[in-house]
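Shown next: query-v8.cif, containing mmCIF, C-alpha atoms.
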```
data_my_file
loop_
_atom_site.group_PDB
_atom_site.id
_atom_site.type_symbol
_atom_site.label_atom_id
_atom_site.label_comp_id
_atom_site.auth_asym_id
_atom_site.auth_seq_id
_atom_site.Cartn_x
_atom_site.Cartn_y
_atom_site.Cartn_z
ATOM 1 C CA MET A 1387 112.252 66.793 -49.187
ATOM 2 C CA GLY A 1388 111.527 65.718 -52.771
ATOM 3 C CA PHE A 1389 114.570 67.583 -54.092
ATOM 4 C CA ARG A 1390 116.947 65.672 -51.771
ATOM 5 C CA ARG A 1391 115.398 62.398 -52.786
ATOM 6 C CA ILE A 1392 115.923 63.221 -56.468
ATOM 7 C CA VAL A 1393 119.542 64.245 -55.802
ATOM 8 C CA TRP A 1394 120.265 60.935 -54.066
ATOM 9 C CA ARG A 1395 118.513 58.998 -56.825
ATOM 10 C CA ILE A 1396 120.875 60.636 -59.289
ATOM 11 C CA ALA A 1397 124.017 60.889 -57.119
ATOM 12 C CA VAL A 1398 124.167 57.262 -55.962
ATOM 13 C CA PRO A 1399 123.913 55.710 -59.439
ATOM 14 C CA PHE A 1400 126.371 58.315 -60.723
ATOM 15 C CA ALA A 1401 128.850 57.484 -57.951
ATOM 16 C CA VAL A 1402 128.449 53.770 -58.635
ATOM 17 C CA LEU A 1403 128.983 54.397 -62.347
ATOM 18 C CA VAL A 1404 132.150 56.411 -61.623
ATOM 19 C CA PHE A 1405 133.445 53.716 -59.264
ATOM 20 C CA VAL A 1406 132.735 50.813 -61.646
ATOM 21 C CA SER A 1407 134.222 52.715 -64.593
ATOM 22 C CA ILE A 1408 137.410 53.503 -62.728
ATOM 23 C CA MET A 1409 137.674 49.910 -61.476
ATOM 24 C CA GLY A 1410 137.315 48.588 -65.028
ATOM 25 C CA LEU A 1411 139.947 51.026 -66.172
ATOM 26 C CA ALA A 1412 142.184 49.964 -63.274
ATOM 27 C CA TRP A 1413 142.100 46.318 -64.247
ATOM 28 C CA ARG A 1414 142.766 47.087 -67.888
ATOM 29 C CA LEU A 1415 145.584 49.517 -67.109
ATOM 30 C CA SER A 1416 147.200 47.071 -64.719
ATOM 31 C CA ALA A 1417 147.035 44.340 -67.378
ATOM 32 C CA VAL A 1418 148.672 46.679 -69.902
ATOM 33 C CA ALA A 1419 151.291 47.690 -67.316
ATOM 34 C CA TYR A 1420 152.058 44.016 -66.623
ATOM 35 C CA GLU A 1421 152.394 43.235 -70.337
ATOM 36 C CA ASN A 1422 154.678 46.252 -70.827
ATOM 37 C CA HIS A 1423 156.852 45.314 -67.840
ATOM 38 C CA VAL A 1424 157.142 41.733 -69.083
ATOM 39 C CA ALA A 1425 158.055 42.888 -72.605
ATOM 40 C CA GLN A 1426 160.681 45.250 -71.203
ATOM 41 C CA LEU A 1427 162.040 42.492 -68.950
ATOM 42 C CA GLU A 1428 162.224 40.134 -71.929
ATOM 43 C CA ARG A 1429 164.249 42.660 -73.963
ATOM 44 C CA MET A 1430 166.615 43.203 -71.031
ATOM 45 C CA LEU A 1431 167.076 39.469 -70.403
ATOM 46 C CA LEU A 1432 167.742 38.763 -74.071
ATOM 47 C CA ALA A 1433 170.386 41.519 -74.143
ATOM 48 C CA ASP A 1434 171.979 40.069 -70.999
ATOM 49 C CA ALA A 1435 171.910 36.567 -72.498
ATOM 50 C CA GLN A 1436 173.564 37.876 -75.658
ATOM 51 C CA ALA A 1437 176.324 39.503 -73.598
ATOM 52 C CA LEU A 1438 176.715 36.307 -71.570
ATOM 53 C CA GLY A 1439 177.065 34.290 -74.758
ATOM 54 C CA VAL A 1440 179.790 36.611 -76.012
ATOM 55 C CA ALA A 1441 181.634 36.505 -72.670
ATOM 56 C CA PHE A 1442 181.497 32.711 -72.363
ATOM 57 C CA GLY A 1443 181.416 31.609 -76.007
ATOM 58 C CA GLU A 1444 184.817 29.926 -75.983
ATOM 59 C CA GLN A 1445 184.161 28.141 -72.687
ATOM 60 C CA ILE A 1446 180.804 26.891 -73.950
ATOM 61 C CA ALA A 1447 182.530 25.612 -77.100
ATOM 62 C CA GLU A 1448 185.032 23.715 -74.933
ATOM 63 C CA GLY A 1449 182.092 22.121 -73.120
ATOM 64 C CA VAL A 1450 183.541 21.228 -69.726
ATOM 65 C CA VAL A 1451 180.628 20.503 -67.364
ATOM 66 C CA GLY A 1452 180.921 22.086 -63.935
ATOM 67 C CA GLU A 1453 184.456 23.359 -64.385
ATOM 68 C CA ALA A 1454 185.266 25.243 -61.167
ATOM 69 C CA ALA A 1455 186.595 28.378 -62.892
ATOM 70 C CA MET A 1456 183.531 28.647 -65.136
ATOM 71 C CA GLN A 1457 181.185 28.064 -62.161
ATOM 72 C CA ASP A 1458 182.976 30.782 -60.164
ATOM 73 C CA GLU A 1459 182.796 33.177 -63.104
ATOM 74 C CA ILE A 1460 179.084 32.498 -63.719
ATOM 75 C CA LEU A 1461 178.375 33.131 -60.028
ATOM 76 C CA ARG A 1462 180.162 36.505 -60.205
ATOM 77 C CA TYR A 1463 178.186 37.478 -63.304
ATOM 78 C CA ALA A 1464 174.932 36.338 -61.658
ATOM 79 C CA GLN A 1465 175.612 38.455 -58.588
ATOM 80 C CA ALA A 1466 176.441 41.479 -60.732
ATOM 81 C CA LEU A 1467 173.270 41.084 -62.811
ATOM 82 C CA GLY A 1468 171.042 39.929 -59.951
ATOM 83 C CA ALA A 1469 169.815 37.113 -62.172
ATOM 84 C CA ARG A 1470 169.991 33.361 -62.592
ATOM 85 C CA LEU A 1471 172.441 32.391 -65.351
ATOM 86 C CA SER A 1472 172.978 29.135 -67.219
ATOM 87 C CA LEU A 1473 175.411 28.054 -69.904
ATOM 88 C CA ILE A 1474 174.182 25.109 -71.952
ATOM 89 C CA ASP A 1475 175.989 23.150 -74.656
ATOM 90 C CA GLU A 1476 174.451 22.412 -78.071
ATOM 91 C CA ASP A 1477 173.097 19.059 -76.842
ATOM 92 C CA GLY A 1478 171.332 20.623 -73.836
ATOM 93 C CA VAL A 1479 173.872 19.652 -71.179
ATOM 94 C CA VAL A 1480 174.130 22.386 -68.536
ATOM 95 C CA LEU A 1481 177.783 23.426 -68.327
ATOM 96 C CA ALA A 1482 177.406 26.073 -65.613
ATOM 97 C CA ASP A 1483 174.504 27.428 -63.555
ATOM 98 C CA SER A 1484 174.395 30.109 -60.896
ATOM 99 C CA ASP A 1485 171.833 28.319 -58.694
ATOM 100 C CA ARG A 1486 172.868 24.652 -58.814
ATOM 101 C CA HIS A 1487 175.844 22.581 -59.728
ATOM 102 C CA PRO A 1488 175.337 21.548 -63.363
ATOM 103 C CA THR A 1489 176.120 17.872 -62.749
ATOM 104 C CA THR A 1490 172.878 17.661 -60.722
ATOM 105 C CA MET A 1491 170.739 19.172 -63.477
ATOM 106 C CA GLU A 1492 168.746 17.500 -66.228
ATOM 107 C CA ASN A 1493 169.176 18.142 -69.924
ATOM 108 C CA HIS A 1494 167.827 21.545 -71.013
ATOM 109 C CA ARG A 1495 167.634 21.017 -74.795
ATOM 110 C CA ASN A 1496 163.826 20.731 -74.725
ATOM 111 C CA ARG A 1497 163.205 23.771 -72.530
ATOM 112 C CA PRO A 1498 160.835 26.138 -74.387
ATOM 113 C CA GLU A 1499 163.214 29.109 -74.358
ATOM 114 C CA VAL A 1500 166.063 26.954 -75.699
ATOM 115 C CA GLN A 1501 163.847 25.514 -78.448
ATOM 116 C CA GLN A 1502 162.739 29.040 -79.417
ATOM 117 C CA ALA A 1503 166.349 30.238 -79.418
ATOM 118 C CA LEU A 1504 167.259 27.363 -81.705
ATOM 119 C CA ALA A 1505 164.353 28.025 -84.087
ATOM 120 C CA ARG A 1506 164.203 31.837 -84.023
ATOM 121 C CA GLY A 1507 167.559 33.072 -82.771
ATOM 122 C CA ALA A 1508 166.175 34.082 -79.363
ATOM 123 C CA GLY A 1509 163.603 32.684 -76.988
ATOM 124 C CA SER A 1510 161.774 33.425 -73.771
ATOM 125 C CA HIS A 1511 159.349 31.603 -71.538
ATOM 126 C CA ILE A 1512 157.614 32.145 -68.201
ATOM 127 C CA ARG A 1513 157.259 29.199 -65.836
ATOM 128 C CA VAL A 1514 157.867 28.032 -62.302
ATOM 129 C CA SER A 1515 161.467 26.921 -61.940
ATOM 130 C CA GLU A 1516 161.944 23.372 -60.719
ATOM 131 C CA THR A 1517 165.290 24.450 -59.278
ATOM 132 C CA VAL A 1518 164.326 27.536 -57.258
ATOM 133 C CA ASN A 1519 160.514 27.030 -57.069
ATOM 134 C CA LEU A 1520 159.722 30.589 -58.224
ATOM 135 C CA GLU A 1521 157.937 31.918 -61.286
ATOM 136 C CA LEU A 1522 160.726 33.089 -63.571
ATOM 137 C CA MET A 1523 161.021 34.606 -66.985
ATOM 138 C CA TYR A 1524 163.742 32.824 -68.928
ATOM 139 C CA ALA A 1525 165.495 34.198 -71.990
ATOM 140 C CA ALA A 1526 167.959 32.235 -74.103
ATOM 141 C CA VAL A 1527 170.069 32.909 -77.153
ATOM 142 C CA PRO A 1528 172.171 30.565 -79.257
ATOM 143 C CA VAL A 1529 175.932 30.858 -78.948
ATOM 144 C CA ARG A 1530 177.840 30.298 -82.158
ATOM 145 C CA ARG A 1531 181.446 30.011 -83.179
ATOM 146 C CA GLY A 1532 181.299 31.198 -86.750
ATOM 147 C CA ASP A 1533 178.305 29.354 -88.225
ATOM 148 C CA GLU A 1534 178.559 26.458 -85.777
ATOM 149 C CA LEU A 1535 176.106 26.261 -82.876
ATOM 150 C CA VAL A 1536 178.111 25.582 -79.714
ATOM 151 C CA GLY A 1537 175.421 26.139 -77.099
ATOM 152 C CA PHE A 1538 173.058 28.553 -75.417
ATOM 153 C CA ALA A 1539 173.295 31.349 -72.880
ATOM 154 C CA ARG A 1540 170.257 31.674 -70.613
ATOM 155 C CA VAL A 1541 169.261 34.371 -68.126
ATOM 156 C CA ALA A 1542 166.263 34.316 -65.772
ATOM 157 C CA LEU A 1543 164.624 36.685 -63.308
ATOM 158 C CA PRO A 1544 161.664 36.242 -60.956
ATOM 159 C CA LEU A 1545 158.407 37.920 -61.973
ATOM 160 C CA GLU A 1546 157.586 38.685 -58.347
ATOM 161 C CA GLU A 1547 158.760 42.303 -58.603
ATOM 162 C CA VAL A 1548 156.685 42.882 -61.742
ATOM 163 C CA ARG A 1549 153.584 41.460 -60.042
ATOM 164 C CA GLU A 1550 154.223 43.569 -56.923
ATOM 165 C CA GLY A 1551 154.557 46.711 -59.041
ATOM 166 C CA VAL A 1552 151.289 45.974 -60.851
ATOM 167 C CA GLY A 1553 149.621 45.235 -57.493
ATOM 168 C CA ASP A 1554 150.763 48.627 -56.205
ATOM 169 C CA LEU A 1555 149.332 50.277 -59.313
ATOM 170 C CA ARG A 1556 146.000 48.487 -58.774
ATOM 171 C CA ARG A 1557 145.851 49.587 -55.132
ATOM 172 C CA GLN A 1558 146.513 53.207 -56.090
ATOM 173 C CA ILE A 1559 143.793 53.119 -58.731
ATOM 174 C CA VAL A 1560 141.298 51.522 -56.296
ATOM 175 C CA ILE A 1561 141.969 54.293 -53.773
ATOM 176 C CA THR A 1562 141.466 56.856 -56.528
ATOM 177 C CA ALA A 1563 138.204 55.155 -57.524
ATOM 178 C CA ILE A 1564 136.906 55.269 -53.966
ATOM 179 C CA VAL A 1565 137.816 58.943 -53.599
ATOM 180 C CA ALA A 1566 136.184 59.747 -56.964
ATOM 181 C CA ALA A 1567 133.011 57.875 -55.993
ATOM 182 C CA VAL A 1568 132.798 59.692 -52.650
ATOM 183 C CA LEU A 1569 133.326 63.042 -54.387
ATOM 184 C CA ALA A 1570 130.635 62.138 -56.926
ATOM 185 C CA LEU A 1571 128.228 61.486 -54.043
ATOM 186 C CA LEU A 1572 129.056 64.779 -52.360
ATOM 187 C CA LEU A 1573 128.829 66.913 -55.461
#
```
Encoding of this model in structure tokens:
Amino acid sequence: MGFRRIVWRIAVPFAVLVFVSIMGLAWRLSAVAYENHVAQLERMLLADAQALGVAFGEQIAEGVVGEAAMQDEILRYAQALGARLSLIDEDGVVLADSDRHPTTMENHRNRPEVQQALARGAGSHIRVSETVNLELMYAAVPVRRGDELVGFARVALPLEEVREGVGDLRRQIVITAIVAAVLALLL
């Protein structure tokens, strides 16, 4: 009887140690996975914004707010990319947007991603969109004609999918931790 008691006195703390260790690892790995996904998303959005700026550079330079042809074109691009797109002139006036008509939108010159794009050549920011009421990652790049700043191209995607993916990873690690703890008890 004493041997079993000793085994349980060793096995239970060992199983708890295994479980807690794996849980700590799970949270750290999921945080790293989230950071990596966000960094990858940022790179992708900045590349898309750069391409958008090239495609619409002349129209941005012309600066016609809410022009039907530009709105139609931005909607087609947004559907193809599965993203929210905005074209903004150098003063922050929204010229075209895939989610709202630009004449109903406020000035975007002071948006963090636009300010970063102006200062650093590219910018990104995560926040809840006032327009669509979702947490989005925004990426913006300046659009130039020669050396002259004519505006900004901005692309945004919801972070919901990234969070869901990290949540799935956490659930898988928790299941693994439970199985490992049970095996530690049985061995």
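With all atoms listed in the file as the atoms that count, the residue of A:Ala1563, A:Ala1397, A:His1423, A:Gln1465 with the shortest distance to Gly1551 in chain A is A:His1423.
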Next on the checklist: From the options A:Glu1476, A:Asp1434, A:Asp1485, A:Glu1492, which residue's atoms come nearest to Glu1534 in chain A, counting all atoms listed in the file?
Outcome noted: A:Glu1476
Counting only C-alpha atoms, which residues of range 1413-1486 of chain A fall within 10 Å of range 1509-1519 of chain A, and what is the closest atom pair for each with its distance in Å at one decimal, ordered by chain and rising number, as CSV?
```
residue,atom,partner,partner_atom,distance
A:Val1424,CA,A:Ile1512,CA,9.6
A:Glu1428,CA,A:Ser1510,CA,7.0
A:Arg1429,CA,A:Ser1510,CA,9.6
A:Leu1431,CA,A:Ser1510,CA,8.7
A:Leu1432,CA,A:Gly1509,CA,7.9
A:Arg1470,CA,A:Val1518,CA,9.7
A:Asp1485,CA,A:Thr1517,CA,7.6
A:Arg1486,CA,A:Thr1517,CA,7.6
```
Next on the checklist: Once the PyMOL selection byres ((chain A and resi 1555) around 12) has been evaluated on this model, what residues remain selected, and can you format them as a VMD selection string?
Outcome noted: chain A and resid 1409 1411 to 1420 1548 to 1554 1556 to 1562
Since we have the selection now, will you write its residues out, keeping C-alpha atoms, as a CSV table (one decimal), keeping the file's coordinate frame?
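Output (selection04.csv):
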```
chain,number,residue,atom,x,y,z
A,1409,MET,CA,137.7,49.9,-61.5
A,1411,LEU,CA,139.9,51.0,-66.2
A,1412,ALA,CA,142.2,50.0,-63.3
A,1413,TRP,CA,142.1,46.3,-64.2
A,1414,ARG,CA,142.8,47.1,-67.9
A,1415,LEU,CA,145.6,49.5,-67.1
A,1416,SER,CA,147.2,47.1,-64.7
A,1417,ALA,CA,147.0,44.3,-67.4
A,1418,VAL,CA,148.7,46.7,-69.9
A,1419,ALA,CA,151.3,47.7,-67.3
A,1420,TYR,CA,152.1,44.0,-66.6
A,1548,VAL,CA,156.7,42.9,-61.7
A,1549,ARG,CA,153.6,41.5,-60.0
A,1550,GLU,CA,154.2,43.6,-56.9
A,1551,GLY,CA,154.6,46.7,-59.0
A,1552,VAL,CA,151.3,46.0,-60.9
A,1553,GLY,CA,149.6,45.2,-57.5
A,1554,ASP,CA,150.8,48.6,-56.2
A,1556,ARG,CA,146.0,48.5,-58.8
A,1557,ARG,CA,145.9,49.6,-55.1
A,1558,GLN,CA,146.5,53.2,-56.1
A,1559,ILE,CA,143.8,53.1,-58.7
A,1560,VAL,CA,141.3,51.5,-56.3
A,1561,ILE,CA,142.0,54.3,-53.8
A,1562,THR,CA,141.5,56.9,-56.5
```
Checklist entry - the PyMOL selection byres ((chain A and resi 1498-1508) around 12) on the file shown: which residues, as a PyMOL selection string? => result chain A and resi 1428-1429+1431-1436+1439+1472-1480+1493-1497+1509-1513+1522-1530+1535-1542
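If you look at CA of Phe1442 in chain A and CA of Glu1546 in chain A, they are 28.4 Å away from each other.
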Any chance you could turn range 1456-1467 of chain A into a file with N, CA, C and O atoms, as an mmCIF file, in the first residue's frame?
```
data_model
loop_
_atom_site.group_PDB
_atom_site.id
_atom_site.type_symbol
_atom_site.label_atom_id
_atom_site.label_comp_id
_atom_site.auth_asym_id
_atom_site.auth_seq_id
_atom_site.Cartn_x
_atom_site.Cartn_y
_atom_site.Cartn_z
ATOM 1 N N MET A 1456 -14.350 55.659 -60.613
ATOM 2 C CA MET A 1456 -13.325 55.285 -59.633
ATOM 3 C C MET A 1456 -13.940 54.435 -58.521
ATOM 4 O O MET A 1456 -13.340 53.461 -58.084
ATOM 5 N N GLN A 1457 -15.137 54.786 -58.065
ATOM 6 C CA GLN A 1457 -15.834 54.001 -57.037
ATOM 7 C C GLN A 1457 -16.087 52.581 -57.540
ATOM 8 O O GLN A 1457 -15.862 51.613 -56.813
ATOM 9 N N ASP A 1458 -16.565 52.453 -58.768
ATOM 10 C CA ASP A 1458 -16.819 51.127 -59.349
ATOM 11 C C ASP A 1458 -15.537 50.310 -59.424
ATOM 12 O O ASP A 1458 -15.510 49.120 -59.094
ATOM 13 N N GLU A 1459 -14.466 50.964 -59.848
ATOM 14 C CA GLU A 1459 -13.174 50.281 -59.987
ATOM 15 C C GLU A 1459 -12.639 49.844 -58.610
ATOM 16 O O GLU A 1459 -12.138 48.733 -58.452
ATOM 17 N N ILE A 1460 -12.773 50.707 -57.613
ATOM 18 C CA ILE A 1460 -12.271 50.366 -56.273
ATOM 19 C C ILE A 1460 -13.082 49.215 -55.682
ATOM 20 O O ILE A 1460 -12.542 48.355 -54.987
ATOM 21 N N LEU A 1461 -14.364 49.165 -55.986
ATOM 22 C CA LEU A 1461 -15.204 48.048 -55.526
ATOM 23 C C LEU A 1461 -14.773 46.732 -56.171
ATOM 24 O O LEU A 1461 -14.722 45.694 -55.506
ATOM 25 N N ARG A 1462 -14.445 46.768 -57.467
ATOM 26 C CA ARG A 1462 -13.970 45.551 -58.143
ATOM 27 C C ARG A 1462 -12.650 45.071 -57.546
ATOM 28 O O ARG A 1462 -12.460 43.882 -57.299
ATOM 29 N N TYR A 1463 -11.741 46.004 -57.308
ATOM 30 C CA TYR A 1463 -10.459 45.641 -56.688
ATOM 31 C C TYR A 1463 -10.686 45.064 -55.286
ATOM 32 O O TYR A 1463 -10.051 44.094 -54.891
ATOM 33 N N ALA A 1464 -11.576 45.692 -54.524
ATOM 34 C CA ALA A 1464 -11.850 45.235 -53.153
ATOM 35 C C ALA A 1464 -12.411 43.819 -53.153
ATOM 36 O O ALA A 1464 -12.030 42.991 -52.324
ATOM 37 N N GLN A 1465 -13.304 43.535 -54.084
ATOM 38 C CA GLN A 1465 -13.855 42.183 -54.171
ATOM 39 C C GLN A 1465 -12.780 41.176 -54.557
ATOM 40 O O GLN A 1465 -12.725 40.075 -54.013
ATOM 41 N N ALA A 1466 -11.914 41.553 -55.470
ATOM 42 C CA ALA A 1466 -10.837 40.651 -55.896
ATOM 43 C C ALA A 1466 -9.859 40.368 -54.756
ATOM 44 O O ALA A 1466 -9.395 39.244 -54.591
ATOM 45 N N LEU A 1467 -9.561 41.400 -53.962
ATOM 46 C CA LEU A 1467 -8.597 41.241 -52.869
ATOM 47 C C LEU A 1467 -9.253 40.743 -51.585
ATOM 48 O O LEU A 1467 -8.560 40.285 -50.676
#
```
